[in-house]
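**Q** Hey, dropping model37.cif in here, mmCIF, N, CA and C atoms and all ligand atoms:
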```cif
data_protein
#
loop_
_atom_site.label_atom_id
_atom_site.label_comp_id
_atom_site.auth_asym_id
_atom_site.auth_seq_id
_atom_site.Cartn_x
_atom_site.Cartn_y
_atom_site.Cartn_z
N MET W 1 96.11 131.23 -104.98
CA MET W 1 96.86 131.46 -103.75
C MET W 1 97.53 132.83 -103.72
N HIS W 2 97.79 133.35 -104.88
CA HIS W 2 98.40 134.67 -105.02
C HIS W 2 97.67 135.70 -104.15
N GLU W 3 96.35 135.64 -104.18
CA GLU W 3 95.54 136.62 -103.47
C GLU W 3 95.69 136.49 -101.95
N TYR W 4 96.03 135.31 -101.48
CA TYR W 4 96.19 135.10 -100.05
C TYR W 4 97.29 136.03 -99.51
N PHE W 5 98.43 136.02 -100.17
CA PHE W 5 99.57 136.81 -99.73
C PHE W 5 99.33 138.31 -99.97
N VAL W 6 98.71 138.59 -101.09
CA VAL W 6 98.38 139.96 -101.43
C VAL W 6 97.43 140.55 -100.38
N THR W 7 96.45 139.75 -99.97
CA THR W 7 95.48 140.21 -98.98
C THR W 7 96.14 140.41 -97.62
N GLN W 8 97.06 139.51 -97.27
CA GLN W 8 97.82 139.65 -96.02
C GLN W 8 98.55 140.99 -95.98
N GLN W 9 99.20 141.31 -97.08
CA GLN W 9 99.95 142.57 -97.19
C GLN W 9 99.01 143.76 -97.07
N LEU W 10 97.90 143.65 -97.77
CA LEU W 10 96.90 144.71 -97.76
C LEU W 10 96.44 145.01 -96.34
N ILE W 11 96.14 143.96 -95.58
CA ILE W 11 95.65 144.11 -94.22
C ILE W 11 96.74 144.71 -93.32
N LYS W 12 97.98 144.31 -93.55
CA LYS W 12 99.09 144.84 -92.76
C LYS W 12 99.24 146.35 -92.99
N ILE W 13 99.18 146.75 -94.24
CA ILE W 13 99.30 148.17 -94.57
C ILE W 13 98.15 148.96 -93.93
N ALA W 14 96.94 148.42 -94.03
CA ALA W 14 95.77 149.09 -93.47
C ALA W 14 95.89 149.20 -91.95
N GLU W 15 96.35 148.13 -91.31
CA GLU W 15 96.51 148.14 -89.85
C GLU W 15 97.52 149.20 -89.42
N ASP W 16 98.62 149.32 -90.18
CA ASP W 16 99.63 150.33 -89.87
C ASP W 16 99.04 151.73 -89.96
N GLU W 17 98.25 151.96 -90.98
CA GLU W 17 97.59 153.26 -91.16
C GLU W 17 96.67 153.55 -89.97
N LEU W 18 95.94 152.52 -89.56
CA LEU W 18 94.90 152.69 -88.55
C LEU W 18 95.46 152.84 -87.14
N LYS W 19 96.71 152.42 -86.96
CA LYS W 19 97.37 152.57 -85.65
C LYS W 19 97.38 154.03 -85.21
N GLU W 20 97.58 154.90 -86.18
CA GLU W 20 97.64 156.34 -85.93
C GLU W 20 96.27 156.89 -85.52
N ILE W 21 95.25 156.42 -86.22
CA ILE W 21 93.90 157.00 -86.06
C ILE W 21 93.16 156.38 -84.87
N LYS W 22 93.44 155.10 -84.61
CA LYS W 22 92.73 154.35 -83.57
C LYS W 22 91.21 154.53 -83.64
N PRO W 23 90.59 154.14 -84.73
CA PRO W 23 89.14 154.30 -84.87
C PRO W 23 88.38 153.27 -84.02
N LYS W 24 87.12 153.60 -83.76
CA LYS W 24 86.26 152.68 -83.03
C LYS W 24 85.98 151.46 -83.90
N ARG W 25 85.77 151.76 -85.18
CA ARG W 25 85.34 150.71 -86.10
C ARG W 25 85.77 151.11 -87.52
N VAL W 26 86.08 150.13 -88.32
CA VAL W 26 86.39 150.40 -89.73
C VAL W 26 85.16 150.04 -90.55
N LEU W 27 84.67 151.00 -91.31
CA LEU W 27 83.45 150.76 -92.10
C LEU W 27 83.77 150.09 -93.43
N SER W 28 84.70 150.70 -94.16
CA SER W 28 85.04 150.11 -95.45
C SER W 28 86.46 150.48 -95.86
N ILE W 29 86.98 149.70 -96.74
CA ILE W 29 88.31 149.93 -97.26
C ILE W 29 88.23 149.79 -98.78
N LYS W 30 88.74 150.82 -99.47
CA LYS W 30 88.62 150.81 -100.93
C LYS W 30 89.98 150.58 -101.56
N VAL W 31 90.05 149.61 -102.43
CA VAL W 31 91.31 149.31 -103.11
C VAL W 31 91.16 149.48 -104.62
N ILE W 32 92.27 149.85 -105.23
CA ILE W 32 92.33 149.98 -106.68
C ILE W 32 93.06 148.75 -107.22
N VAL W 33 92.42 148.08 -108.16
CA VAL W 33 93.01 146.88 -108.74
C VAL W 33 93.06 147.01 -110.26
N GLY W 34 94.25 147.05 -110.80
CA GLY W 34 94.43 147.12 -112.24
C GLY W 34 94.07 145.79 -112.87
N GLU W 35 93.55 145.84 -114.09
CA GLU W 35 93.09 144.59 -114.71
C GLU W 35 94.24 143.66 -115.08
N LEU W 36 95.48 144.17 -115.09
CA LEU W 36 96.63 143.32 -115.38
C LEU W 36 97.39 142.91 -114.13
N SER W 37 96.84 143.25 -112.96
CA SER W 37 97.53 142.94 -111.71
C SER W 37 97.50 141.44 -111.41
N GLY W 38 96.63 140.73 -112.08
CA GLY W 38 96.52 139.29 -111.87
C GLY W 38 95.71 138.94 -110.63
N ILE W 39 95.05 139.95 -110.06
CA ILE W 39 94.28 139.73 -108.84
C ILE W 39 92.80 139.55 -109.18
N ILE W 40 92.23 138.49 -108.66
CA ILE W 40 90.83 138.19 -108.93
C ILE W 40 89.98 138.72 -107.77
N ASP W 41 89.02 139.57 -108.10
CA ASP W 41 88.17 140.23 -107.10
C ASP W 41 87.57 139.25 -106.09
N GLU W 42 87.01 138.18 -106.62
CA GLU W 42 86.31 137.23 -105.75
C GLU W 42 87.25 136.60 -104.73
N SER W 43 88.47 136.27 -105.16
CA SER W 43 89.45 135.68 -104.25
C SER W 43 89.87 136.70 -103.21
N LEU W 44 90.06 137.92 -103.66
CA LEU W 44 90.46 139.00 -102.76
C LEU W 44 89.42 139.17 -101.65
N LYS W 45 88.15 139.20 -102.05
CA LYS W 45 87.06 139.36 -101.09
C LYS W 45 86.99 138.19 -100.12
N PHE W 46 87.19 137.00 -100.68
CA PHE W 46 87.15 135.79 -99.87
C PHE W 46 88.23 135.83 -98.78
N TYR W 47 89.45 136.09 -99.19
CA TYR W 47 90.57 136.10 -98.24
C TYR W 47 90.47 137.28 -97.28
N PHE W 48 89.90 138.37 -97.75
CA PHE W 48 89.73 139.53 -96.88
C PHE W 48 88.84 139.16 -95.70
N ASP W 49 87.72 138.51 -96.00
CA ASP W 49 86.79 138.09 -94.94
C ASP W 49 87.45 137.12 -93.97
N VAL W 50 88.25 136.21 -94.51
CA VAL W 50 88.90 135.20 -93.69
C VAL W 50 90.00 135.82 -92.82
N LEU W 51 90.85 136.62 -93.46
CA LEU W 51 92.06 137.12 -92.79
C LEU W 51 91.81 138.32 -91.86
N THR W 52 90.67 138.99 -91.99
CA THR W 52 90.41 140.12 -91.11
C THR W 52 89.76 139.70 -89.80
N LYS W 53 89.40 138.43 -89.69
CA LYS W 53 88.80 137.93 -88.45
C LYS W 53 89.75 138.19 -87.28
N GLY W 54 89.22 138.85 -86.26
CA GLY W 54 90.02 139.12 -85.07
C GLY W 54 90.89 140.36 -85.19
N THR W 55 90.81 141.06 -86.31
CA THR W 55 91.57 142.30 -86.48
C THR W 55 90.61 143.49 -86.42
N ILE W 56 91.19 144.68 -86.41
CA ILE W 56 90.39 145.91 -86.40
C ILE W 56 89.51 145.99 -87.66
N LEU W 57 89.91 145.27 -88.70
CA LEU W 57 89.20 145.34 -89.98
C LEU W 57 88.02 144.37 -90.08
N GLU W 58 87.85 143.54 -89.06
CA GLU W 58 86.78 142.55 -89.10
C GLU W 58 85.42 143.23 -89.28
N GLY W 59 84.65 142.73 -90.22
CA GLY W 59 83.30 143.25 -90.47
C GLY W 59 83.26 144.45 -91.40
N SER W 60 84.42 144.94 -91.80
CA SER W 60 84.43 146.07 -92.73
C SER W 60 84.19 145.58 -94.15
N LYS W 61 83.79 146.52 -95.00
CA LYS W 61 83.44 146.18 -96.37
C LYS W 61 84.63 146.45 -97.28
N LEU W 62 84.93 145.49 -98.12
CA LEU W 62 86.01 145.68 -99.08
C LEU W 62 85.41 146.14 -100.41
N GLU W 63 85.80 147.35 -100.82
CA GLU W 63 85.32 147.87 -102.10
C GLU W 63 86.47 147.82 -103.10
N ILE W 64 86.17 147.27 -104.25
CA ILE W 64 87.22 147.11 -105.27
C ILE W 64 86.88 147.96 -106.48
N GLU W 65 87.82 148.82 -106.85
CA GLU W 65 87.63 149.59 -108.08
C GLU W 65 88.61 149.09 -109.13
N GLN W 66 88.06 148.62 -110.23
CA GLN W 66 88.88 148.10 -111.31
C GLN W 66 89.42 149.23 -112.16
N LYS W 67 90.70 149.14 -112.49
CA LYS W 67 91.29 150.11 -113.41
C LYS W 67 91.63 149.40 -114.72
N LYS W 68 91.21 150.04 -115.81
CA LYS W 68 91.50 149.50 -117.14
C LYS W 68 92.98 149.64 -117.45
N ALA W 69 93.48 148.72 -118.23
CA ALA W 69 94.86 148.82 -118.67
C ALA W 69 94.97 149.85 -119.79
N LEU W 70 96.06 150.61 -119.78
CA LEU W 70 96.30 151.55 -120.86
C LEU W 70 97.53 151.10 -121.64
N LEU W 71 97.41 151.17 -122.95
CA LEU W 71 98.54 150.85 -123.81
C LEU W 71 99.08 152.16 -124.39
N PHE W 72 100.33 152.12 -124.83
CA PHE W 72 100.93 153.31 -125.40
C PHE W 72 101.26 153.08 -126.87
N CYS W 73 100.87 154.04 -127.70
CA CYS W 73 101.17 153.93 -129.13
C CYS W 73 102.41 154.77 -129.43
N ASN W 74 103.42 154.11 -129.94
CA ASN W 74 104.67 154.81 -130.26
C ASN W 74 104.53 155.76 -131.44
N ALA W 75 103.60 155.48 -132.32
CA ALA W 75 103.40 156.32 -133.49
C ALA W 75 102.66 157.62 -133.13
N CYS W 76 101.58 157.50 -132.36
CA CYS W 76 100.78 158.67 -131.98
C CYS W 76 101.27 159.33 -130.69
N HIS W 77 102.12 158.64 -129.96
CA HIS W 77 102.57 159.11 -128.65
C HIS W 77 101.40 159.38 -127.72
N GLU W 78 100.44 158.44 -127.76
CA GLU W 78 99.26 158.58 -126.91
C GLU W 78 98.92 157.27 -126.22
N TYR W 79 98.29 157.40 -125.07
CA TYR W 79 97.79 156.23 -124.35
C TYR W 79 96.39 155.91 -124.86
N PHE W 80 96.07 154.63 -124.90
CA PHE W 80 94.71 154.25 -125.24
C PHE W 80 94.31 153.03 -124.43
N GLU W 81 92.98 152.86 -124.20
CA GLU W 81 92.48 151.73 -123.43
C GLU W 81 92.74 150.45 -124.20
N ARG W 82 93.13 149.43 -123.46
CA ARG W 82 93.49 148.17 -124.09
C ARG W 82 92.38 147.66 -125.01
N THR W 83 92.76 147.37 -126.25
CA THR W 83 91.84 146.76 -127.20
C THR W 83 92.17 145.27 -127.27
N LYS W 84 91.30 144.50 -127.85
CA LYS W 84 91.48 143.05 -127.89
C LYS W 84 92.79 142.65 -128.59
N ASP W 85 93.06 143.31 -129.68
CA ASP W 85 94.25 142.98 -130.47
C ASP W 85 95.46 143.88 -130.18
N PHE W 86 95.32 144.74 -129.14
CA PHE W 86 96.40 145.65 -128.74
C PHE W 86 96.70 146.71 -129.79
N LEU W 87 95.83 146.89 -130.78
CA LEU W 87 96.10 147.85 -131.84
C LEU W 87 95.55 149.23 -131.48
N CYS W 88 96.33 150.26 -131.84
CA CYS W 88 95.93 151.63 -131.58
C CYS W 88 94.68 151.95 -132.39
N PRO W 89 93.63 152.50 -131.73
CA PRO W 89 92.38 152.78 -132.45
C PRO W 89 92.55 153.86 -133.53
N LYS W 90 93.60 154.67 -133.42
CA LYS W 90 93.81 155.75 -134.39
C LYS W 90 94.57 155.28 -135.63
N CYS W 91 95.75 154.69 -135.40
CA CYS W 91 96.65 154.38 -136.53
C CYS W 91 96.86 152.89 -136.74
N LYS W 92 96.26 152.06 -135.88
CA LYS W 92 96.35 150.60 -136.00
C LYS W 92 97.74 150.03 -135.76
N ALA W 93 98.64 150.84 -135.21
CA ALA W 93 99.96 150.31 -134.84
C ALA W 93 99.80 149.48 -133.56
N LEU W 94 100.74 148.59 -133.32
CA LEU W 94 100.69 147.74 -132.14
C LEU W 94 101.12 148.56 -130.91
N GLY W 95 100.23 148.63 -129.92
CA GLY W 95 100.54 149.37 -128.71
C GLY W 95 101.35 148.52 -127.76
N LYS W 96 102.03 149.18 -126.82
CA LYS W 96 102.78 148.40 -125.83
C LYS W 96 102.21 148.63 -124.44
N LEU W 97 102.41 147.63 -123.59
CA LEU W 97 101.89 147.69 -122.24
C LEU W 97 102.61 148.77 -121.43
N THR W 98 101.90 149.36 -120.50
CA THR W 98 102.48 150.38 -119.63
C THR W 98 102.25 149.98 -118.18
N GLN W 99 102.62 150.84 -117.27
CA GLN W 99 102.38 150.55 -115.85
C GLN W 99 100.90 150.69 -115.49
N TYR W 100 100.12 151.32 -116.36
CA TYR W 100 98.69 151.49 -116.07
C TYR W 100 97.95 150.18 -116.30
N GLY W 101 97.33 149.69 -115.24
CA GLY W 101 96.63 148.42 -115.34
C GLY W 101 97.23 147.40 -114.38
N LYS W 102 98.40 147.73 -113.82
CA LYS W 102 99.05 146.81 -112.87
C LYS W 102 98.92 147.31 -111.43
N GLU W 103 98.07 148.31 -111.24
CA GLU W 103 97.95 148.93 -109.93
C GLU W 103 97.36 147.98 -108.89
N PHE W 104 97.81 148.15 -107.69
CA PHE W 104 97.16 147.51 -106.55
C PHE W 104 97.52 148.31 -105.30
N TYR W 105 96.60 149.10 -104.82
CA TYR W 105 96.86 149.90 -103.63
C TYR W 105 95.56 150.32 -102.94
N ILE W 106 95.72 150.76 -101.69
CA ILE W 106 94.57 151.22 -100.91
C ILE W 106 94.28 152.67 -101.30
N GLU W 107 93.07 152.92 -101.74
CA GLU W 107 92.66 154.27 -102.13
C GLU W 107 92.20 155.05 -100.90
N SER W 108 91.36 154.42 -100.07
CA SER W 108 90.87 155.10 -98.88
C SER W 108 90.33 154.10 -97.86
N ILE W 109 90.29 154.57 -96.62
CA ILE W 109 89.73 153.76 -95.53
C ILE W 109 88.69 154.62 -94.83
N GLU W 110 87.48 154.09 -94.72
CA GLU W 110 86.42 154.83 -94.05
C GLU W 110 86.24 154.28 -92.64
N VAL W 111 86.33 155.17 -91.65
CA VAL W 111 86.23 154.70 -90.27
C VAL W 111 85.12 155.41 -89.50
N ASP W 112 84.72 154.75 -88.43
CA ASP W 112 83.79 155.34 -87.48
C ASP W 112 84.62 155.65 -86.23
N ASP W 113 84.85 156.92 -85.97
CA ASP W 113 85.73 157.26 -84.85
C ASP W 113 84.96 157.51 -83.56
N GLY W 114 83.65 157.26 -83.61
CA GLY W 114 82.86 157.33 -82.38
C GLY W 114 82.43 158.73 -81.98
N ASP W 115 82.63 159.70 -82.87
CA ASP W 115 82.27 161.08 -82.54
C ASP W 115 80.77 161.35 -82.69
N GLU W 116 80.12 160.51 -83.50
CA GLU W 116 78.69 160.73 -83.75
C GLU W 116 77.85 160.33 -82.55
N ASN W 117 76.56 160.68 -82.58
CA ASN W 117 75.59 160.48 -81.50
C ASN W 117 75.84 161.47 -80.36
ZN ZN U 201 98.57 155.21 -132.90
#
```
Any chance you could give the structure as structure tokens?
**A**
Amino acid sequence: MHEYFVTQQLIKIAEDELKEIKPKRVLSIKVIVGELSGIIDESLKFYFDVLTKGTILEGSKLEIEQKKALLFCNACHEYFERTKDFLCPKCKALGKLTQYGKEFYIESIEVDDGDEN
């Protein structure tokens, strides 16, 4: 159910953006989803199709780009991609979670403004 509310918010933000542009049609919307955001792609797509019915976004394609989580090693002072055991690949110290991987935002919206043809 988490994705239901998240998708509602997403559509609201997109609609606000599109108010300015007033496109003929929205082709696609690209979102960035961190792997620790707790958002499941399939649910997001499902709710997107359901909730965009009757809106300017109806029929547009939802593109999801997954972002890997990054951990921070206090010993090396470096970020590294999350490993299974959370251990730094260099020094084997336990890394800590960072804000990288919890992302959820609209990267871009592709529209058809009717200028072609
Ligand atoms: Zn390290």
**Q** Could you list, as a CSV table (one decimal) with N, CA and C atoms, in the coordinates of the input, all protein and nucleic acid residues with an atom at most 6 Å from ligand ZN 201 (chain U), counting only N, CA and C atoms and all ligand atoms?
**A**
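The resulting file, selection.csv, is shown below:
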```
chain,number,residue,atom,x,y,z
W,73,CYS,N,100.9,154.0,-127.7
W,73,CYS,CA,101.2,153.9,-129.1
W,73,CYS,C,102.4,154.8,-129.4
W,74,ASN,N,103.4,154.1,-129.9
W,74,ASN,CA,104.7,154.8,-130.3
W,74,ASN,C,104.5,155.8,-131.4
W,75,ALA,N,103.6,155.5,-132.3
W,75,ALA,CA,103.4,156.3,-133.5
W,75,ALA,C,102.7,157.6,-133.1
W,76,CYS,N,101.6,157.5,-132.4
W,76,CYS,CA,100.8,158.7,-132.0
W,76,CYS,C,101.3,159.3,-130.7
W,77,HIS,N,102.1,158.6,-130.0
W,77,HIS,CA,102.6,159.1,-128.6
W,77,HIS,C,101.4,159.4,-127.7
W,88,CYS,N,96.3,150.3,-131.8
W,88,CYS,CA,95.9,151.6,-131.6
W,88,CYS,C,94.7,152.0,-132.4
W,89,PRO,N,93.6,152.5,-131.7
W,89,PRO,CA,92.4,152.8,-132.4
W,89,PRO,C,92.6,153.9,-133.5
W,90,LYS,N,93.6,154.7,-133.4
W,90,LYS,CA,93.8,155.8,-134.4
W,90,LYS,C,94.6,155.3,-135.6
W,91,CYS,N,95.8,154.7,-135.4
W,91,CYS,CA,96.6,154.4,-136.5
W,91,CYS,C,96.9,152.9,-136.7
W,92,LYS,N,96.3,152.1,-135.9
W,92,LYS,CA,96.4,150.6,-136.0
W,92,LYS,C,97.7,150.0,-135.8
W,93,ALA,N,98.6,150.8,-135.2
W,93,ALA,CA,100.0,150.3,-134.8
W,93,ALA,C,99.8,149.5,-133.6
```
**Q** Would you please extract all strand (DSSP E or B) residues from chain W, as assigned by DSSP on the backbone, and give them as an MDAnalysis selection string?
**A** chainID W and resid 25:34 61:67 70:73 78:81 87 94 96:97 104:112
**Q** Contacts of Lys24 (chain W) at 8 Å or less, counting all atoms listed in the file, minus same-chain residues fewer than 2 places along, as JSON, numbers by chain?
**A** {"W": [21, 22, 26, 27, 56, 111, 112, 113, 114, 115]}
**Q** Give me the residues within 9 Å of Lys45 (chain W) as a list in words, counting only C-alpha atoms and dropping any in the same chain fewer than 6 places off.
**A** Thr7, Leu62, Glu63 and Ile64 of chain W
**Q** Could you write out, as a PDB file with N, CA and C atoms, keeping the file's coordinate frame, all the residues of chain W that DSSP marks as alpha helix (DSSP H)?
**A**
```pdb
ATOM      1  N   HIS W   2      97.790 133.350-104.880  1.00  0.00           N
ATOM      2  CA  HIS W   2      98.400 134.670-105.020  1.00  0.00           C
ATOM      3  C   HIS W   2      97.670 135.700-104.150  1.00  0.00           C
ATOM      4  N   GLU W   3      96.350 135.640-104.180  1.00  0.00           N
ATOM      5  CA  GLU W   3      95.540 136.620-103.470  1.00  0.00           C
ATOM      6  C   GLU W   3      95.690 136.490-101.950  1.00  0.00           C
ATOM      7  N   TYR W   4      96.030 135.310-101.480  1.00  0.00           N
ATOM      8  CA  TYR W   4      96.190 135.100-100.050  1.00  0.00           C
ATOM      9  C   TYR W   4      97.290 136.030 -99.510  1.00  0.00           C
ATOM     10  N   PHE W   5      98.430 136.020-100.170  1.00  0.00           N
ATOM     11  CA  PHE W   5      99.570 136.810 -99.730  1.00  0.00           C
ATOM     12  C   PHE W   5      99.330 138.310 -99.970  1.00  0.00           C
ATOM     13  N   VAL W   6      98.710 138.590-101.090  1.00  0.00           N
ATOM     14  CA  VAL W   6      98.380 139.960-101.430  1.00  0.00           C
ATOM     15  C   VAL W   6      97.430 140.550-100.380  1.00  0.00           C
ATOM     16  N   THR W   7      96.450 139.750 -99.970  1.00  0.00           N
ATOM     17  CA  THR W   7      95.480 140.210 -98.980  1.00  0.00           C
ATOM     18  C   THR W   7      96.140 140.410 -97.620  1.00  0.00           C
ATOM     19  N   GLN W   8      97.060 139.510 -97.270  1.00  0.00           N
ATOM     20  CA  GLN W   8      97.820 139.650 -96.020  1.00  0.00           C
ATOM     21  C   GLN W   8      98.550 140.990 -95.980  1.00  0.00           C
ATOM     22  N   GLN W   9      99.200 141.310 -97.080  1.00  0.00           N
ATOM     23  CA  GLN W   9      99.950 142.570 -97.190  1.00  0.00           C
ATOM     24  C   GLN W   9      99.010 143.760 -97.070  1.00  0.00           C
ATOM     25  N   LEU W  10      97.900 143.650 -97.770  1.00  0.00           N
ATOM     26  CA  LEU W  10      96.900 144.710 -97.760  1.00  0.00           C
ATOM     27  C   LEU W  10      96.440 145.010 -96.340  1.00  0.00           C
ATOM     28  N   ILE W  11      96.140 143.960 -95.580  1.00  0.00           N
ATOM     29  CA  ILE W  11      95.650 144.110 -94.220  1.00  0.00           C
ATOM     30  C   ILE W  11      96.740 144.710 -93.320  1.00  0.00           C
ATOM     31  N   LYS W  12      97.980 144.310 -93.550  1.00  0.00           N
ATOM     32  CA  LYS W  12      99.090 144.840 -92.760  1.00  0.00           C
ATOM     33  C   LYS W  12      99.240 146.350 -92.990  1.00  0.00           C
ATOM     34  N   ILE W  13      99.180 146.750 -94.240  1.00  0.00           N
ATOM     35  CA  ILE W  13      99.300 148.170 -94.570  1.00  0.00           C
ATOM     36  C   ILE W  13      98.150 148.960 -93.930  1.00  0.00           C
ATOM     37  N   ALA W  14      96.940 148.420 -94.030  1.00  0.00           N
ATOM     38  CA  ALA W  14      95.770 149.090 -93.470  1.00  0.00           C
ATOM     39  C   ALA W  14      95.890 149.200 -91.950  1.00  0.00           C
ATOM     40  N   GLU W  15      96.350 148.130 -91.310  1.00  0.00           N
ATOM     41  CA  GLU W  15      96.510 148.140 -89.850  1.00  0.00           C
ATOM     42  C   GLU W  15      97.520 149.200 -89.420  1.00  0.00           C
ATOM     43  N   ASP W  16      98.620 149.320 -90.180  1.00  0.00           N
ATOM     44  CA  ASP W  16      99.630 150.330 -89.870  1.00  0.00           C
ATOM     45  C   ASP W  16      99.040 151.730 -89.960  1.00  0.00           C
ATOM     46  N   GLU W  17      98.250 151.960 -90.980  1.00  0.00           N
ATOM     47  CA  GLU W  17      97.590 153.260 -91.160  1.00  0.00           C
ATOM     48  C   GLU W  17      96.670 153.550 -89.970  1.00  0.00           C
ATOM     49  N   LEU W  18      95.940 152.520 -89.560  1.00  0.00           N
ATOM     50  CA  LEU W  18      94.900 152.690 -88.550  1.00  0.00           C
ATOM     51  C   LEU W  18      95.460 152.840 -87.140  1.00  0.00           C
ATOM     52  N   LYS W  19      96.710 152.420 -86.960  1.00  0.00           N
ATOM     53  CA  LYS W  19      97.370 152.570 -85.650  1.00  0.00           C
ATOM     54  C   LYS W  19      97.380 154.030 -85.210  1.00  0.00           C
ATOM     55  N   GLU W  20      97.580 154.900 -86.180  1.00  0.00           N
ATOM     56  CA  GLU W  20      97.640 156.340 -85.930  1.00  0.00           C
ATOM     57  C   GLU W  20      96.270 156.890 -85.520  1.00  0.00           C
ATOM     58  N   ILE W  21      95.250 156.420 -86.220  1.00  0.00           N
ATOM     59  CA  ILE W  21      93.900 157.000 -86.060  1.00  0.00           C
ATOM     60  C   ILE W  21      93.160 156.380 -84.870  1.00  0.00           C
ATOM     61  N   ASP W  41      89.020 139.570-108.100  1.00  0.00           N
ATOM     62  CA  ASP W  41      88.170 140.230-107.100  1.00  0.00           C
ATOM     63  C   ASP W  41      87.570 139.250-106.090  1.00  0.00           C
ATOM     64  N   GLU W  42      87.010 138.180-106.620  1.00  0.00           N
ATOM     65  CA  GLU W  42      86.310 137.230-105.750  1.00  0.00           C
ATOM     66  C   GLU W  42      87.250 136.600-104.730  1.00  0.00           C
ATOM     67  N   SER W  43      88.470 136.270-105.160  1.00  0.00           N
ATOM     68  CA  SER W  43      89.450 135.680-104.250  1.00  0.00           C
ATOM     69  C   SER W  43      89.870 136.700-103.210  1.00  0.00           C
ATOM     70  N   LEU W  44      90.060 137.920-103.660  1.00  0.00           N
ATOM     71  CA  LEU W  44      90.460 139.000-102.760  1.00  0.00           C
ATOM     72  C   LEU W  44      89.420 139.170-101.650  1.00  0.00           C
ATOM     73  N   LYS W  45      88.150 139.200-102.050  1.00  0.00           N
ATOM     74  CA  LYS W  45      87.060 139.360-101.090  1.00  0.00           C
ATOM     75  C   LYS W  45      86.990 138.190-100.120  1.00  0.00           C
ATOM     76  N   PHE W  46      87.190 137.000-100.680  1.00  0.00           N
ATOM     77  CA  PHE W  46      87.150 135.790 -99.870  1.00  0.00           C
ATOM     78  C   PHE W  46      88.230 135.830 -98.780  1.00  0.00           C
ATOM     79  N   TYR W  47      89.450 136.090 -99.190  1.00  0.00           N
ATOM     80  CA  TYR W  47      90.570 136.100 -98.240  1.00  0.00           C
ATOM     81  C   TYR W  47      90.470 137.280 -97.280  1.00  0.00           C
ATOM     82  N   PHE W  48      89.900 138.370 -97.750  1.00  0.00           N
ATOM     83  CA  PHE W  48      89.730 139.530 -96.880  1.00  0.00           C
ATOM     84  C   PHE W  48      88.840 139.160 -95.700  1.00  0.00           C
ATOM     85  N   ASP W  49      87.720 138.510 -96.000  1.00  0.00           N
ATOM     86  CA  ASP W  49      86.790 138.090 -94.940  1.00  0.00           C
ATOM     87  C   ASP W  49      87.450 137.120 -93.970  1.00  0.00           C
ATOM     88  N   VAL W  50      88.250 136.210 -94.510  1.00  0.00           N
ATOM     89  CA  VAL W  50      88.900 135.200 -93.690  1.00  0.00           C
ATOM     90  C   VAL W  50      90.000 135.820 -92.820  1.00  0.00           C
ATOM     91  N   LEU W  51      90.850 136.620 -93.460  1.00  0.00           N
ATOM     92  CA  LEU W  51      92.060 137.120 -92.790  1.00  0.00           C
ATOM     93  C   LEU W  51      91.810 138.320 -91.860  1.00  0.00           C
TER      94      LEU W  51
END
```
**Q** Would you kindly return, as number ranges by chain, each protein, DNA or RNA residue with an atom no farther than 9 Å from any atom of Glu107 (chain W), considering only C-alpha atoms and excluding same-chain residues fewer than 6 positions away?
**A** W: 29-32
**Q** For atom N of Tyr79 (chain W) and atom N of Glu65 (chain W), quote the distance in Å rounded to one decimal.
**A**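 According to the coordinates, atom N of Tyr79 (chain W) and atom N of Glu65 (chain W) are separated by 22.7 Å.
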**Q** Near Tyr4 (chain W), counting all atoms listed in the file, which residues have an atom at most 7 Å away, once you skip same-chain residues fewer than 5 positions from it, shown as JSON, numbers by chain?
**A** {"W": [9, 43, 44, 47]}
**Q** Could the residues in this selection be written to a file with N, CA and C atoms, as a compact mmCIF listing (two decimals), in the frame of the given file?
**A**
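Full text of result36.txt as output:
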```txt
# COMPACT_ATOMS: atom_id res chain seq x y z
N GLN W 9 99.20 141.31 -97.08
CA GLN W 9 99.95 142.57 -97.19
C GLN W 9 99.01 143.76 -97.07
N SER W 43 88.47 136.27 -105.16
CA SER W 43 89.45 135.68 -104.25
C SER W 43 89.87 136.70 -103.21
N LEU W 44 90.06 137.92 -103.66
CA LEU W 44 90.46 139.00 -102.76
C LEU W 44 89.42 139.17 -101.65
N TYR W 47 89.45 136.09 -99.19
CA TYR W 47 90.57 136.10 -98.24
C TYR W 47 90.47 137.28 -97.28
```
